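This report refers to the structure that appears directly beneath it.
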Amino acid sequence: MKYIRIFLSMNWTMKKLLFESFLYLGWARILKIFPFAKVAPTLGERLKETSFSPNMKNKEILSNISQALHIMSRYTIWESRCLVKAIAGMKMLEKRQIESTLYLGTARDEQGQLIAHAWLRSGPFYLTGAEGMEKFTVVGKFANDIKGESNG
């Protein structure tokens, strides 16, 4: 009941973003069923990055999308961890004509096992996966550059 009250107290913009993030998180989770080689071409230009230059007019929407993804990922009945959140966020930004770069990284955990992580950046702002990303070596990146001007 507490969560319903919190949801009802939110403004319409955030309610719509929460609903949209739920749909995109579900869609991104379905994509994990397929081989990554089939999904990768839908993520943007491989081995490219978008600009790190800030676009301050996007700051609020970037923050709101990030918040919606982090909130909603805790309430999905499916796994909505780093890669799912990064893909969902990328597609939400694409819908709004905002460029982004999705990063894939690997590292070794304390037991020496290979682990992976994904994060999403738009300009200098990290929307998902920023926690712990510094521990990972980037092994893949995908630029979704709306204007078609990727930086290498």
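In the structure tokens, each chain is lettered A, B, ... as it comes, each chain's residues begin at 1, and ligands are numbered from 1 in order of appearance.
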Legend entry - Spatial neighbours of range 97-112 of chain A, 6 Å, only C-alpha atoms, chain gap at least 5 places, as a list in words: Glu49, Thr50, His117, Ala118, Trp119, Leu120, Arg121, Ser122, Phe136, Thr137, Val138, Val139, Gly140, Lys141, Phe142, Ala143, Asn144, Asp145 and Ile146 of chain A
So that I have them on file, write out the residues from the current selection with C-alpha atoms, as a PDB file, in the first residue's frame.
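Just written: again38.pdb:
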ATOM      1  CA  GLU A  49      31.430   6.425 -28.843  1.00  0.00           C
ATOM      2  CA  THR A  50      29.177   9.433 -28.822  1.00  0.00           C
ATOM      3  CA  HIS A 117      29.058  -5.453 -16.650  1.00  0.00           C
ATOM      4  CA  ALA A 118      27.230  -3.000 -18.895  1.00  0.00           C
ATOM      5  CA  TRP A 119      26.642   0.726 -18.511  1.00  0.00           C
ATOM      6  CA  LEU A 120      25.053   3.554 -20.478  1.00  0.00           C
ATOM      7  CA  ARG A 121      26.338   7.102 -21.020  1.00  0.00           C
ATOM      8  CA  SER A 122      24.875  10.152 -22.728  1.00  0.00           C
ATOM      9  CA  PHE A 136      35.900  -3.295 -15.680  1.00  0.00           C
ATOM     10  CA  THR A 137      37.908  -3.289 -18.892  1.00  0.00           C
ATOM     11  CA  VAL A 138      35.807  -2.116 -21.829  1.00  0.00           C
ATOM     12  CA  VAL A 139      35.524  -4.921 -24.375  1.00  0.00           C
ATOM     13  CA  GLY A 140      32.701  -3.485 -26.437  1.00  0.00           C
ATOM     14  CA  LYS A 141      30.928  -0.231 -27.048  1.00  0.00           C
ATOM     15  CA  PHE A 142      28.013   0.800 -29.205  1.00  0.00           C
ATOM     16  CA  ALA A 143      27.276   4.383 -30.223  1.00  0.00           C
ATOM     17  CA  ASN A 144      23.677   5.298 -30.883  1.00  0.00           C
ATOM     18  CA  ASP A 145      24.472   8.631 -32.480  1.00  0.00           C
ATOM     19  CA  ILE A 146      21.230  10.176 -33.623  1.00  0.00           C
TER      20      ILE A 146
END
Legend entry - Residue contacts of Leu18 in chain A (8 Å, only C-alpha atoms) excluding same-chain residues fewer than 4 positions away, as a ChimeraX atom specification: /A:14,22,68-69,71-72
Using C-alpha atoms, can you write the selected residues to a file as a PDB file, in the first residue's frame?
ATOM      1  CA  MET A  14       7.504  10.288 -13.832  1.00  0.00           C
ATOM      2  CA  PHE A  22       8.776  -1.230 -17.478  1.00  0.00           C
ATOM      3  CA  ALA A  68      12.807   5.464 -13.676  1.00  0.00           C
ATOM      4  CA  LEU A  69      15.031   2.595 -14.838  1.00  0.00           C
ATOM      5  CA  ILE A  71      13.219   2.210  -9.643  1.00  0.00           C
ATOM      6  CA  MET A  72      11.372  -0.052 -12.057  1.00  0.00           C
TER       7      MET A  72
END
Inset, instruction - Counting only C-alpha atoms, figure out which residue out of A:Ala116, A:Ala37, A:Ile65, A:Ile30 gets nearest to Lys95 in chain A. - result: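 Checking each candidate against Lys95 in chain A, we get A:Ile65 as the closest.
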Inset, instruction - Excluding Pro124 in chain A and residues on its chain fewer than 3 positions from it, collect all residues at most 7 Å away from it, counting only C-alpha atoms, and give them as a PyMOL selection string. - result: chain A and resi 52-54+121
Inset, instruction - Enumerate the residues of chain A with a DSSP assignment of strand (DSSP E), computed from the backbone, and present them as an NGL selection string. - result: :A and (45-46 or 100-108 or 114-122 or 125-128 or 137-144)
Inset, instruction - Could you please write out, as a ChimeraX atom specification, every residue of range 11-151 of chain A that DSSP assigns to helix (DSSP H, G or I)? - result: /A:12-31,36-43,56-73,82-95,133-135
Inset, instruction - Measure the distance from CA of Leu83 in chain A to CA of Ala28 in chain A in Å and round it to one decimal. - result: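 The value is 8.2 Å.
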Inset, instruction - Pick out the closest residue to Val39 in chain A from this set: A:Ser80, A:Lys59, A:Asn64, A:Ile87. Count only C-alpha atoms. - result: A:Ile87
